[in-house]
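Read through the structure below, which is laid out as structure tokens, and then see the notes.
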Amino acid sequence: MLADRFAEAFHSVDTTALCDADKSLRVMDSAIRPRSAATRILGPAFTVRCQDDFFGVLQAIEAAAPGDVLVVDGGSSEIALGGELFARGALVRGLGGIIVDAGYRDIGYVRDCELPVYSRFITPMSGSTTELGELQVRVTCGGVPVSPGDLVLADVEGIVVVDPAEIESLFAAAASIKQAEARVIAKLDAGATLSDCVNIDAHAEALRDEADSALTFLV
């Protein structure tokens with residue numbers, strides 16, 4: 001599985017480095033927040049679209065493969081489309097996480113859950129169970145498009161969605177950024193200033209002259 005190849009690499013970078021490496025990455029709305037103890041997600045999207053009815057999410061938990069990440073387009077509704085039993089069921093199935101653009105409940109259990117769970121709202125009110133919902137279709141979650149099989153990566157900073165064809169080069173660029181940041185941190189810990197580590201003055205002068213320039217590390 002593609003996600004397995006990069007699981008170790010994801011522990012050496014984070015979503016901030018990924019975003020620094022590619023400013024065009026799809027980043028979900030920051031209102032979709034972690035509700036569980038575990039926050040790191042790396043896996044292919046298994047998409048669900050439903051509105052105020054959680055039966056489609058239940059079906060998805062049973063249909064998804066181990067490692068899949070449920071990405072639920074709930075229309076940003078303040079209705080719970082999952083709860084404790086859904087998280088427990090997803091753990092049994094070995095899923096990689098649940099992301100719901102709607103509500104989630106049973107936070108008393110979920111907050112200590114080993115399964116990463118993200119949602120837009122916390123609410124006690126659950127939806128109905130009278131509609132099939134749509135599985136494995138292109139959805140919008142957190143304001144960004146997500147297709148089945150897109151790679152979903154998340155940590156305490158947020159959630160990003162990546163085309164699988166771009167993941168290898170993205171991780172390589174993010175790793176280079178983290179290595180450069182580590183050198184800067186070492187210099188700062190040794191007493192250097194940010195100006196010793198970043199081309200602040202030269203970049204400012206270039207901007208004033210309307211010349212091409214980029215903010216770069218000097219170490």
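Residue numbers start at 1 in each chain; chains themselves are named A, B, ... in the order of the structure tokens; ligands are numbered from 1 in the order shown.
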Compile the contact shell of region 17-33 of chain A as a VMD selection string: residues with an atom at most 10 Å away, counting only C-alpha atoms, same-chain residues fewer than 2 positions apart removed. chain A and resid 10 12 to 15 35 to 36 39 76 99 to 103 117 to 122 140 to 146 152 to 163 167 169 to 178 181
DSSP on the backbone: which residues in region 3-146 of chain A end up as strand (DSSP E or B)? Give the answer as an mmCIF file with all heavy atoms, in the first residue's frame.
```
data_model
loop_
_atom_site.group_PDB
_atom_site.id
_atom_site.type_symbol
_atom_site.label_atom_id
_atom_site.label_comp_id
_atom_site.auth_asym_id
_atom_site.auth_seq_id
_atom_site.Cartn_x
_atom_site.Cartn_y
_atom_site.Cartn_z
ATOM 1 N N ARG A 26 -4.178 21.027 -0.842
ATOM 2 C CA ARG A 26 -5.544 21.161 -0.333
ATOM 3 C C ARG A 26 -5.520 21.031 1.197
ATOM 4 O O ARG A 26 -5.152 19.978 1.719
ATOM 5 C CB ARG A 26 -6.439 20.077 -0.936
ATOM 6 C CG ARG A 26 -6.778 20.289 -2.403
ATOM 7 C CD ARG A 26 -7.433 19.054 -3.013
ATOM 8 N NE ARG A 26 -6.436 18.042 -3.361
ATOM 9 C CZ ARG A 26 -6.739 16.808 -3.751
ATOM 10 N NH1 ARG A 26 -8.005 16.402 -3.772
ATOM 11 N NH2 ARG A 26 -5.775 15.952 -4.079
ATOM 12 N N VAL A 27 -5.892 22.091 1.887
ATOM 13 C CA VAL A 27 -5.903 22.111 3.351
ATOM 14 C C VAL A 27 -7.344 22.266 3.825
ATOM 15 O O VAL A 27 -8.022 23.229 3.449
ATOM 16 C CB VAL A 27 -5.047 23.265 3.906
ATOM 17 C CG1 VAL A 27 -5.084 23.263 5.427
ATOM 18 C CG2 VAL A 27 -3.614 23.154 3.399
ATOM 19 N N ARG A 33 -11.595 19.828 13.656
ATOM 20 C CA ARG A 33 -10.571 19.683 14.682
ATOM 21 C C ARG A 33 -10.483 18.252 15.201
ATOM 22 O O ARG A 33 -11.449 17.495 15.142
ATOM 23 C CB ARG A 33 -10.885 20.606 15.875
ATOM 24 C CG ARG A 33 -10.942 22.085 15.520
ATOM 25 C CD ARG A 33 -9.635 22.549 14.935
ATOM 26 N NE ARG A 33 -8.493 22.298 15.826
ATOM 27 C CZ ARG A 33 -7.232 22.170 15.414
ATOM 28 N NH1 ARG A 33 -6.930 22.232 14.120
ATOM 29 N NH2 ARG A 33 -6.266 21.958 16.274
ATOM 30 N N PRO A 34 -9.314 17.868 15.742
ATOM 31 C CA PRO A 34 -9.186 16.534 16.329
ATOM 32 C C PRO A 34 -10.032 16.419 17.595
ATOM 33 O O PRO A 34 -10.046 17.325 18.424
ATOM 34 C CB PRO A 34 -7.697 16.421 16.641
ATOM 35 C CG PRO A 34 -7.202 17.823 16.738
ATOM 36 C CD PRO A 34 -8.045 18.624 15.796
ATOM 37 N N ILE A 41 -2.796 11.028 10.901
ATOM 38 C CA ILE A 41 -3.472 10.221 9.886
ATOM 39 C C ILE A 41 -2.619 10.201 8.626
ATOM 40 O O ILE A 41 -2.093 11.226 8.204
ATOM 41 C CB ILE A 41 -4.867 10.801 9.537
ATOM 42 C CG1 ILE A 41 -5.833 10.633 10.707
ATOM 43 C CG2 ILE A 41 -5.439 10.162 8.281
ATOM 44 C CD1 ILE A 41 -7.188 11.290 10.466
ATOM 45 N N LEU A 42 -2.494 9.026 8.046
ATOM 46 C CA LEU A 42 -1.901 8.875 6.714
ATOM 47 C C LEU A 42 -2.558 7.670 6.063
ATOM 48 O O LEU A 42 -2.314 6.532 6.467
ATOM 49 C CB LEU A 42 -0.386 8.675 6.777
ATOM 50 C CG LEU A 42 0.308 8.282 5.466
ATOM 51 C CD1 LEU A 42 0.030 9.299 4.363
ATOM 52 C CD2 LEU A 42 1.798 8.099 5.670
ATOM 53 N N GLY A 43 -3.417 7.939 5.088
ATOM 54 C CA GLY A 43 -4.090 6.834 4.427
ATOM 55 C C GLY A 43 -4.946 7.312 3.278
ATOM 56 O O GLY A 43 -5.214 8.505 3.132
ATOM 57 N N PRO A 44 -5.401 6.364 2.446
ATOM 58 C CA PRO A 44 -6.248 6.718 1.309
ATOM 59 C C PRO A 44 -7.670 7.037 1.747
ATOM 60 O O PRO A 44 -8.202 6.424 2.674
ATOM 61 C CB PRO A 44 -6.208 5.452 0.437
ATOM 62 C CG PRO A 44 -5.943 4.346 1.407
ATOM 63 C CD PRO A 44 -5.061 4.927 2.474
ATOM 64 N N ALA A 45 -8.263 8.001 1.069
ATOM 65 C CA ALA A 45 -9.619 8.428 1.410
ATOM 66 C C ALA A 45 -10.659 7.410 0.948
ATOM 67 O O ALA A 45 -10.629 6.950 -0.199
ATOM 68 C CB ALA A 45 -9.916 9.783 0.780
ATOM 69 N N PHE A 46 -11.558 7.059 1.843
ATOM 70 C CA PHE A 46 -12.785 6.342 1.507
ATOM 71 C C PHE A 46 -13.904 7.345 1.749
ATOM 72 O O PHE A 46 -14.189 7.697 2.888
ATOM 73 C CB PHE A 46 -12.968 5.101 2.373
ATOM 74 C CG PHE A 46 -14.098 4.204 1.926
ATOM 75 C CD1 PHE A 46 -13.827 3.028 1.243
ATOM 76 C CD2 PHE A 46 -15.426 4.539 2.170
ATOM 77 C CE1 PHE A 46 -14.862 2.183 0.816
ATOM 78 C CE2 PHE A 46 -16.455 3.721 1.746
ATOM 79 C CZ PHE A 46 -16.179 2.536 1.071
ATOM 80 N N THR A 47 -14.498 7.834 0.686
ATOM 81 C CA THR A 47 -15.387 8.984 0.800
ATOM 82 C C THR A 47 -16.844 8.596 1.009
ATOM 83 O O THR A 47 -17.307 7.554 0.539
ATOM 84 C CB THR A 47 -15.284 9.879 -0.443
ATOM 85 O OG1 THR A 47 -15.674 9.122 -1.590
ATOM 86 C CG2 THR A 47 -13.863 10.392 -0.626
ATOM 87 N N VAL A 48 -17.548 9.486 1.708
ATOM 88 C CA VAL A 48 -18.974 9.321 1.992
ATOM 89 C C VAL A 48 -19.643 10.677 1.848
ATOM 90 O O VAL A 48 -19.105 11.684 2.315
ATOM 91 C CB VAL A 48 -19.221 8.806 3.432
ATOM 92 C CG1 VAL A 48 -20.700 8.495 3.641
ATOM 93 C CG2 VAL A 48 -18.348 7.613 3.762
ATOM 94 N N ARG A 49 -20.799 10.707 1.208
ATOM 95 C CA ARG A 49 -21.609 11.925 1.190
ATOM 96 C C ARG A 49 -22.980 11.610 1.786
ATOM 97 O O ARG A 49 -23.663 10.687 1.345
ATOM 98 C CB ARG A 49 -21.785 12.473 -0.229
ATOM 99 C CG ARG A 49 -22.617 13.787 -0.250
ATOM 100 C CD ARG A 49 -22.932 14.258 -1.655
ATOM 101 N NE ARG A 49 -21.738 14.695 -2.371
ATOM 102 C CZ ARG A 49 -21.318 14.164 -3.515
ATOM 103 N NH1 ARG A 49 -21.991 13.163 -4.074
ATOM 104 N NH2 ARG A 49 -20.236 14.628 -4.112
ATOM 105 N N ASP A 53 -27.941 12.236 8.045
ATOM 106 C CA ASP A 53 -28.300 10.820 8.110
ATOM 107 C C ASP A 53 -26.992 10.032 8.106
ATOM 108 O O ASP A 53 -26.192 10.160 7.179
ATOM 109 C CB ASP A 53 -29.169 10.438 6.907
ATOM 110 C CG ASP A 53 -29.736 9.035 7.019
ATOM 111 O OD1 ASP A 53 -28.948 8.064 7.001
ATOM 112 O OD2 ASP A 53 -30.959 8.889 7.103
ATOM 113 N N VAL A 69 -9.124 5.907 5.288
ATOM 114 C CA VAL A 69 -9.567 7.033 6.117
ATOM 115 C C VAL A 69 -10.946 7.463 5.637
ATOM 116 O O VAL A 69 -11.110 7.855 4.481
ATOM 117 C CB VAL A 69 -8.585 8.216 6.009
ATOM 118 C CG1 VAL A 69 -9.072 9.391 6.853
ATOM 119 C CG2 VAL A 69 -7.186 7.795 6.418
ATOM 120 N N LEU A 70 -11.943 7.376 6.512
ATOM 121 C CA LEU A 70 -13.282 7.823 6.140
ATOM 122 C C LEU A 70 -13.309 9.342 6.064
ATOM 123 O O LEU A 70 -12.958 10.028 7.030
ATOM 124 C CB LEU A 70 -14.312 7.349 7.170
ATOM 125 C CG LEU A 70 -15.140 6.117 6.778
ATOM 126 C CD1 LEU A 70 -14.224 4.935 6.523
ATOM 127 C CD2 LEU A 70 -16.174 5.792 7.830
ATOM 128 N N VAL A 71 -13.693 9.856 4.917
ATOM 129 C CA VAL A 71 -13.826 11.295 4.713
ATOM 130 C C VAL A 71 -15.300 11.545 4.417
ATOM 131 O O VAL A 71 -15.803 11.169 3.357
ATOM 132 C CB VAL A 71 -12.938 11.783 3.558
ATOM 133 C CG1 VAL A 71 -13.153 13.273 3.316
ATOM 134 C CG2 VAL A 71 -11.469 11.503 3.855
ATOM 135 N N VAL A 72 -15.967 12.184 5.358
ATOM 136 C CA VAL A 72 -17.423 12.304 5.303
ATOM 137 C C VAL A 72 -17.833 13.733 4.980
ATOM 138 O O VAL A 72 -17.570 14.656 5.753
ATOM 139 C CB VAL A 72 -18.060 11.864 6.634
ATOM 140 C CG1 VAL A 72 -19.585 11.946 6.537
ATOM 141 C CG2 VAL A 72 -17.613 10.453 7.001
ATOM 142 N N ASP A 73 -18.460 13.887 3.832
ATOM 143 C CA ASP A 73 -19.061 15.162 3.440
ATOM 144 C C ASP A 73 -20.462 15.205 4.025
ATOM 145 O O ASP A 73 -21.406 14.671 3.468
ATOM 146 C CB ASP A 73 -19.099 15.253 1.912
ATOM 147 C CG ASP A 73 -19.760 16.532 1.407
ATOM 148 O OD1 ASP A 73 -20.279 17.317 2.227
ATOM 149 O OD2 ASP A 73 -19.756 16.731 0.178
ATOM 150 N N ALA A 80 -24.726 15.037 14.473
ATOM 151 C CA ALA A 80 -23.695 14.014 14.627
ATOM 152 C C ALA A 80 -23.894 12.897 13.609
ATOM 153 O O ALA A 80 -24.979 12.313 13.514
ATOM 154 C CB ALA A 80 -23.717 13.453 16.037
ATOM 155 N N GLY A 97 -8.688 6.308 10.262
ATOM 156 C CA GLY A 97 -9.235 7.504 10.887
ATOM 157 C C GLY A 97 -10.597 7.838 10.335
ATOM 158 O O GLY A 97 -11.053 7.256 9.338
ATOM 159 N N ILE A 98 -11.257 8.788 10.988
ATOM 160 C CA ILE A 98 -12.564 9.281 10.563
ATOM 161 C C ILE A 98 -12.521 10.803 10.570
ATOM 162 O O ILE A 98 -12.164 11.414 11.586
ATOM 163 C CB ILE A 98 -13.700 8.798 11.483
ATOM 164 C CG1 ILE A 98 -13.794 7.262 11.472
ATOM 165 C CG2 ILE A 98 -15.030 9.423 11.068
ATOM 166 C CD1 ILE A 98 -14.848 6.713 12.434
ATOM 167 N N ILE A 99 -12.890 11.406 9.450
ATOM 168 C CA ILE A 99 -12.963 12.865 9.338
ATOM 169 C C ILE A 99 -14.375 13.202 8.889
ATOM 170 O O ILE A 99 -14.832 12.743 7.835
ATOM 171 C CB ILE A 99 -11.947 13.395 8.326
ATOM 172 C CG1 ILE A 99 -10.518 13.058 8.774
ATOM 173 C CG2 ILE A 99 -12.101 14.909 8.142
ATOM 174 C CD1 ILE A 99 -9.455 13.343 7.733
ATOM 175 N N VAL A 100 -15.078 13.998 9.687
ATOM 176 C CA VAL A 100 -16.483 14.288 9.428
ATOM 177 C C VAL A 100 -16.697 15.795 9.324
ATOM 178 O O VAL A 100 -16.444 16.528 10.283
ATOM 179 C CB VAL A 100 -17.376 13.722 10.550
ATOM 180 C CG1 VAL A 100 -18.838 14.051 10.287
ATOM 181 C CG2 VAL A 100 -17.190 12.209 10.680
ATOM 182 N N ASP A 101 -17.161 16.240 8.166
ATOM 183 C CA ASP A 101 -17.536 17.650 8.029
ATOM 184 C C ASP A 101 -18.983 17.794 8.468
ATOM 185 O O ASP A 101 -19.889 18.044 7.683
ATOM 186 C CB ASP A 101 -17.348 18.120 6.581
ATOM 187 C CG ASP A 101 -17.380 19.646 6.486
ATOM 188 O OD1 ASP A 101 -17.790 20.295 7.469
ATOM 189 O OD2 ASP A 101 -16.995 20.185 5.436
ATOM 190 N N ALA A 102 -19.164 17.613 9.748
ATOM 191 C CA ALA A 102 -20.464 17.694 10.425
ATOM 192 C C ALA A 102 -20.156 17.449 11.899
ATOM 193 O O ALA A 102 -19.041 17.719 12.354
ATOM 194 C CB ALA A 102 -21.454 16.666 9.865
ATOM 195 N N GLY A 103 -21.132 16.918 12.651
ATOM 196 C CA GLY A 103 -20.927 16.705 14.074
ATOM 197 C C GLY A 103 -20.447 15.300 14.416
ATOM 198 O O GLY A 103 -20.573 14.370 13.618
ATOM 199 N N TYR A 104 -19.876 15.185 15.610
ATOM 200 C CA TYR A 104 -19.517 13.896 16.187
ATOM 201 C C TYR A 104 -19.919 13.949 17.650
ATOM 202 O O TYR A 104 -19.979 15.033 18.240
ATOM 203 C CB TYR A 104 -18.010 13.627 16.044
ATOM 204 C CG TYR A 104 -17.677 12.161 15.905
ATOM 205 C CD1 TYR A 104 -17.609 11.573 14.657
ATOM 206 C CD2 TYR A 104 -17.459 11.354 17.029
ATOM 207 C CE1 TYR A 104 -17.315 10.220 14.502
ATOM 208 C CE2 TYR A 104 -17.171 10.005 16.889
ATOM 209 C CZ TYR A 104 -17.105 9.443 15.626
ATOM 210 O OH TYR A 104 -16.838 8.102 15.486
ATOM 211 N N VAL A 117 -9.992 10.822 15.182
ATOM 212 C CA VAL A 117 -11.331 11.280 14.814
ATOM 213 C C VAL A 117 -11.309 12.803 14.741
ATOM 214 O O VAL A 117 -10.904 13.472 15.695
ATOM 215 C CB VAL A 117 -12.402 10.825 15.826
ATOM 216 C CG1 VAL A 117 -13.763 11.430 15.483
ATOM 217 C CG2 VAL A 117 -12.487 9.301 15.876
ATOM 218 N N TYR A 118 -11.742 13.336 13.609
ATOM 219 C CA TYR A 118 -11.856 14.778 13.421
ATOM 220 C C TYR A 118 -13.303 15.111 13.072
ATOM 221 O O TYR A 118 -13.969 14.342 12.366
ATOM 222 C CB TYR A 118 -10.967 15.246 12.267
ATOM 223 C CG TYR A 118 -9.488 15.303 12.559
ATOM 224 C CD1 TYR A 118 -8.734 14.147 12.682
ATOM 225 C CD2 TYR A 118 -8.834 16.534 12.679
ATOM 226 C CE1 TYR A 118 -7.365 14.204 12.932
ATOM 227 C CE2 TYR A 118 -7.472 16.594 12.928
ATOM 228 C CZ TYR A 118 -6.742 15.428 13.055
ATOM 229 O OH TYR A 118 -5.388 15.497 13.299
ATOM 230 N N SER A 119 -13.771 16.266 13.529
ATOM 231 C CA SER A 119 -15.114 16.714 13.143
ATOM 232 C C SER A 119 -15.190 18.232 13.201
ATOM 233 O O SER A 119 -14.340 18.890 13.812
ATOM 234 C CB SER A 119 -16.182 16.109 14.058
ATOM 235 O OG SER A 119 -16.132 16.682 15.344
ATOM 236 N N ARG A 120 -16.226 18.766 12.559
ATOM 237 C CA ARG A 120 -16.452 20.213 12.599
ATOM 238 C C ARG A 120 -17.142 20.624 13.886
ATOM 239 O O ARG A 120 -16.868 21.691 14.452
ATOM 240 C CB ARG A 120 -17.279 20.654 11.388
ATOM 241 C CG ARG A 120 -17.482 22.156 11.305
ATOM 242 C CD ARG A 120 -18.242 22.556 10.051
ATOM 243 N NE ARG A 120 -17.470 22.362 8.837
ATOM 244 C CZ ARG A 120 -16.640 23.270 8.321
ATOM 245 N NH1 ARG A 120 -16.449 24.437 8.935
ATOM 246 N NH2 ARG A 120 -16.000 23.017 7.198
ATOM 247 N N PHE A 121 -18.059 19.789 14.367
ATOM 248 C CA PHE A 121 -18.836 20.107 15.568
ATOM 249 C C PHE A 121 -18.821 18.944 16.545
ATOM 250 O O PHE A 121 -18.579 17.794 16.169
ATOM 251 C CB PHE A 121 -20.309 20.402 15.206
ATOM 252 C CG PHE A 121 -20.503 21.540 14.252
ATOM 253 C CD1 PHE A 121 -20.894 21.290 12.935
ATOM 254 C CD2 PHE A 121 -20.307 22.853 14.645
ATOM 255 C CE1 PHE A 121 -21.087 22.326 12.038
ATOM 256 C CE2 PHE A 121 -20.495 23.899 13.758
ATOM 257 C CZ PHE A 121 -20.887 23.635 12.450
ATOM 258 N N ILE A 122 -19.099 19.251 17.789
ATOM 259 C CA ILE A 122 -19.441 18.265 18.799
ATOM 260 C C ILE A 122 -20.890 18.525 19.178
ATOM 261 O O ILE A 122 -21.258 19.666 19.493
ATOM 262 C CB ILE A 122 -18.554 18.392 20.047
ATOM 263 C CG1 ILE A 122 -17.097 18.068 19.709
ATOM 264 C CG2 ILE A 122 -19.050 17.478 21.161
ATOM 265 C CD1 ILE A 122 -16.136 18.317 20.862
ATOM 266 N N SER A 126 -27.922 13.117 17.040
ATOM 267 C CA SER A 126 -27.509 12.310 15.896
ATOM 268 C C SER A 126 -28.516 12.437 14.757
ATOM 269 O O SER A 126 -29.648 12.906 14.932
ATOM 270 C CB SER A 126 -27.377 10.838 16.297
ATOM 271 O OG SER A 126 -28.652 10.298 16.612
ATOM 272 N N SER A 128 -30.568 10.766 11.203
ATOM 273 C CA SER A 128 -31.506 9.671 10.958
ATOM 274 C C SER A 128 -30.775 8.501 10.308
ATOM 275 O O SER A 128 -29.562 8.546 10.084
ATOM 276 C CB SER A 128 -32.644 10.158 10.061
ATOM 277 O OG SER A 128 -32.114 10.688 8.847
ATOM 278 N N GLU A 134 -23.988 8.234 -0.244
ATOM 279 C CA GLU A 134 -23.185 7.917 -1.424
ATOM 280 C C GLU A 134 -21.770 7.563 -0.976
ATOM 281 O O GLU A 134 -21.150 8.329 -0.245
ATOM 282 C CB GLU A 134 -23.138 9.114 -2.381
ATOM 283 C CG GLU A 134 -24.495 9.544 -2.920
ATOM 284 C CD GLU A 134 -24.388 10.791 -3.766
ATOM 285 O OE1 GLU A 134 -24.034 10.674 -4.957
ATOM 286 O OE2 GLU A 134 -24.634 11.898 -3.220
ATOM 287 N N LEU A 135 -21.290 6.439 -1.447
ATOM 288 C CA LEU A 135 -19.954 5.975 -1.079
ATOM 289 C C LEU A 135 -19.019 6.031 -2.282
ATOM 290 O O LEU A 135 -19.419 5.762 -3.412
ATOM 291 C CB LEU A 135 -20.001 4.536 -0.559
ATOM 292 C CG LEU A 135 -20.978 4.210 0.568
ATOM 293 C CD1 LEU A 135 -20.771 2.772 1.036
ATOM 294 C CD2 LEU A 135 -20.845 5.182 1.720
ATOM 295 N N VAL A 139 -16.163 14.156 -3.185
ATOM 296 C CA VAL A 139 -16.900 14.924 -2.185
ATOM 297 C C VAL A 139 -16.162 16.232 -1.906
ATOM 298 O O VAL A 139 -15.046 16.465 -2.375
ATOM 299 C CB VAL A 139 -17.060 14.130 -0.871
ATOM 300 C CG1 VAL A 139 -17.827 12.824 -1.111
ATOM 301 C CG2 VAL A 139 -15.703 13.853 -0.215
ATOM 302 N N THR A 140 -16.805 17.067 -1.112
ATOM 303 C CA THR A 140 -16.160 18.255 -0.564
ATOM 304 C C THR A 140 -16.165 18.118 0.951
ATOM 305 O O THR A 140 -17.224 17.942 1.555
ATOM 306 C CB THR A 140 -16.893 19.535 -0.979
ATOM 307 O OG1 THR A 140 -16.852 19.669 -2.399
ATOM 308 C CG2 THR A 140 -16.235 20.763 -0.348
ATOM 309 N N CYS A 141 -15.004 18.172 1.545
ATOM 310 C CA CYS A 141 -14.884 18.043 3.001
ATOM 311 C C CYS A 141 -13.953 19.133 3.497
ATOM 312 O O CYS A 141 -12.822 19.267 2.996
ATOM 313 C CB CYS A 141 -14.338 16.662 3.370
ATOM 314 S SG CYS A 141 -14.297 16.338 5.150
ATOM 315 N N VAL A 144 -12.533 21.513 0.693
ATOM 316 C CA VAL A 144 -11.649 21.079 -0.394
ATOM 317 C C VAL A 144 -12.219 19.813 -1.035
ATOM 318 O O VAL A 144 -12.867 19.007 -0.374
ATOM 319 C CB VAL A 144 -10.211 20.827 0.098
ATOM 320 C CG1 VAL A 144 -9.625 22.087 0.704
ATOM 321 C CG2 VAL A 144 -10.151 19.677 1.090
ATOM 322 N N PRO A 145 -11.952 19.623 -2.334
ATOM 323 C CA PRO A 145 -12.414 18.403 -2.996
ATOM 324 C C PRO A 145 -11.563 17.211 -2.582
ATOM 325 O O PRO A 145 -10.349 17.325 -2.442
ATOM 326 C CB PRO A 145 -12.249 18.726 -4.482
ATOM 327 C CG PRO A 145 -11.146 19.736 -4.527
ATOM 328 C CD PRO A 145 -11.289 20.552 -3.272
ATOM 329 N N VAL A 146 -12.221 16.084 -2.416
ATOM 330 C CA VAL A 146 -11.533 14.846 -2.076
ATOM 331 C C VAL A 146 -12.114 13.725 -2.939
ATOM 332 O O VAL A 146 -13.322 13.521 -2.962
ATOM 333 C CB VAL A 146 -11.695 14.473 -0.592
ATOM 334 C CG1 VAL A 146 -10.862 13.226 -0.260
ATOM 335 C CG2 VAL A 146 -11.307 15.629 0.318
#
```
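Of the residues under consideration (A:Glu131, A:Glu205, A:Asp52, A:Asp68), A:Asp68 shows the shortest atom-to-atom contact distance to Asp150 (chain A) when counting only C-alpha atoms.
The space separating CA of Ser213 (chain A) from CA of Val184 (chain A) comes to 20.0 Å.
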So how far away is CA of Thr16 (chain A) from CA of Val219 (chain A), in Å?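 Going from CA of Val219 (chain A) over to CA of Thr16 (chain A) covers 19.8 Å.
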When DSSP is applied to the backbone of this structure, which of region 47-116 of chain A are assigned alpha helix (DSSP H)? Write them out as a PDB file with N, CA and C atoms, in the first residue's frame.
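And here is the file that came out, result-v5.pdb:
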```pdb
ATOM      1  N   PHE A  55     -26.460   6.657   8.137  1.00  0.00           N
ATOM      2  CA  PHE A  55     -26.427   5.267   7.692  1.00  0.00           C
ATOM      3  C   PHE A  55     -25.302   5.032   6.676  1.00  0.00           C
ATOM      4  N   GLY A  56     -25.053   6.012   5.823  1.00  0.00           N
ATOM      5  CA  GLY A  56     -23.965   5.883   4.856  1.00  0.00           C
ATOM      6  C   GLY A  56     -22.611   5.736   5.533  1.00  0.00           C
ATOM      7  N   VAL A  57     -22.406   6.421   6.652  1.00  0.00           N
ATOM      8  CA  VAL A  57     -21.140   6.312   7.390  1.00  0.00           C
ATOM      9  C   VAL A  57     -20.996   4.912   7.972  1.00  0.00           C
ATOM     10  N   LEU A  58     -22.092   4.383   8.485  1.00  0.00           N
ATOM     11  CA  LEU A  58     -22.076   3.025   9.021  1.00  0.00           C
ATOM     12  C   LEU A  58     -21.706   2.014   7.934  1.00  0.00           C
ATOM     13  N   GLN A  59     -22.297   2.171   6.757  1.00  0.00           N
ATOM     14  CA  GLN A  59     -21.965   1.290   5.641  1.00  0.00           C
ATOM     15  C   GLN A  59     -20.483   1.418   5.256  1.00  0.00           C
ATOM     16  N   ALA A  60     -19.995   2.638   5.259  1.00  0.00           N
ATOM     17  CA  ALA A  60     -18.612   2.885   4.856  1.00  0.00           C
ATOM     18  C   ALA A  60     -17.626   2.210   5.810  1.00  0.00           C
ATOM     19  N   ILE A  61     -17.905   2.248   7.094  1.00  0.00           N
ATOM     20  CA  ILE A  61     -17.021   1.607   8.066  1.00  0.00           C
ATOM     21  C   ILE A  61     -16.882   0.123   7.759  1.00  0.00           C
ATOM     22  N   GLU A  62     -17.970  -0.499   7.364  1.00  0.00           N
ATOM     23  CA  GLU A  62     -17.942  -1.925   7.063  1.00  0.00           C
ATOM     24  C   GLU A  62     -17.372  -2.227   5.683  1.00  0.00           C
ATOM     25  N   ALA A  63     -17.420  -1.265   4.766  1.00  0.00           N
ATOM     26  CA  ALA A  63     -16.955  -1.498   3.397  1.00  0.00           C
ATOM     27  C   ALA A  63     -15.493  -1.116   3.193  1.00  0.00           C
ATOM     28  N   GLU A  84     -19.341   6.926  19.541  1.00  0.00           N
ATOM     29  CA  GLU A  84     -18.485   5.908  20.131  1.00  0.00           C
ATOM     30  C   GLU A  84     -18.518   4.585  19.375  1.00  0.00           C
ATOM     31  N   LEU A  85     -19.707   4.088  19.042  1.00  0.00           N
ATOM     32  CA  LEU A  85     -19.803   2.789  18.383  1.00  0.00           C
ATOM     33  C   LEU A  85     -19.140   2.808  17.014  1.00  0.00           C
ATOM     34  N   PHE A  86     -19.228   3.943  16.324  1.00  0.00           N
ATOM     35  CA  PHE A  86     -18.584   4.069  15.015  1.00  0.00           C
ATOM     36  C   PHE A  86     -17.061   4.013  15.163  1.00  0.00           C
ATOM     37  N   ALA A  87     -16.533   4.708  16.161  1.00  0.00           N
ATOM     38  CA  ALA A  87     -15.091   4.693  16.396  1.00  0.00           C
ATOM     39  C   ALA A  87     -14.622   3.298  16.790  1.00  0.00           C
ATOM     40  N   ARG A  88     -15.373   2.651  17.654  1.00  0.00           N
ATOM     41  CA  ARG A  88     -15.009   1.287  18.054  1.00  0.00           C
ATOM     42  C   ARG A  88     -15.062   0.346  16.854  1.00  0.00           C
ATOM     43  N   GLY A  89     -16.102   0.478  16.033  1.00  0.00           N
ATOM     44  CA  GLY A  89     -16.220  -0.365  14.856  1.00  0.00           C
ATOM     45  C   GLY A  89     -15.091  -0.130  13.865  1.00  0.00           C
ATOM     46  N   ALA A  90     -14.684   1.125  13.720  1.00  0.00           N
ATOM     47  CA  ALA A  90     -13.574   1.453  12.815  1.00  0.00           C
ATOM     48  C   ALA A  90     -12.258   0.878  13.330  1.00  0.00           C
ATOM     49  N   LEU A  91     -12.069   0.862  14.650  1.00  0.00           N
ATOM     50  CA  LEU A  91     -10.876   0.260  15.229  1.00  0.00           C
ATOM     51  C   LEU A  91     -10.833  -1.236  14.943  1.00  0.00           C
ATOM     52  N   VAL A  92     -11.962  -1.894  15.087  1.00  0.00           N
ATOM     53  CA  VAL A  92     -12.035  -3.322  14.803  1.00  0.00           C
ATOM     54  C   VAL A  92     -11.666  -3.601  13.348  1.00  0.00           C
ATOM     55  N   ARG A  93     -12.095  -2.722  12.471  1.00  0.00           N
ATOM     56  CA  ARG A  93     -11.825  -2.893  11.042  1.00  0.00           C
ATOM     57  C   ARG A  93     -10.425  -2.440  10.631  1.00  0.00           C
ATOM     58  N   ILE A 107     -17.998  12.141  23.012  1.00  0.00           N
ATOM     59  CA  ILE A 107     -16.625  12.613  23.168  1.00  0.00           C
ATOM     60  C   ILE A 107     -15.994  12.099  24.460  1.00  0.00           C
ATOM     61  N   GLY A 108     -16.810  11.730  25.434  1.00  0.00           N
ATOM     62  CA  GLY A 108     -16.283  11.130  26.655  1.00  0.00           C
ATOM     63  C   GLY A 108     -15.444   9.902  26.359  1.00  0.00           C
ATOM     64  N   TYR A 109     -15.836   9.134  25.351  1.00  0.00           N
ATOM     65  CA  TYR A 109     -15.035   7.996  24.902  1.00  0.00           C
ATOM     66  C   TYR A 109     -14.002   8.434  23.871  1.00  0.00           C
ATOM     67  N   VAL A 110     -14.431   9.216  22.916  1.00  0.00           N
ATOM     68  CA  VAL A 110     -13.587   9.544  21.771  1.00  0.00           C
ATOM     69  C   VAL A 110     -12.320  10.287  22.183  1.00  0.00           C
TER      70      VAL A 110
END
```
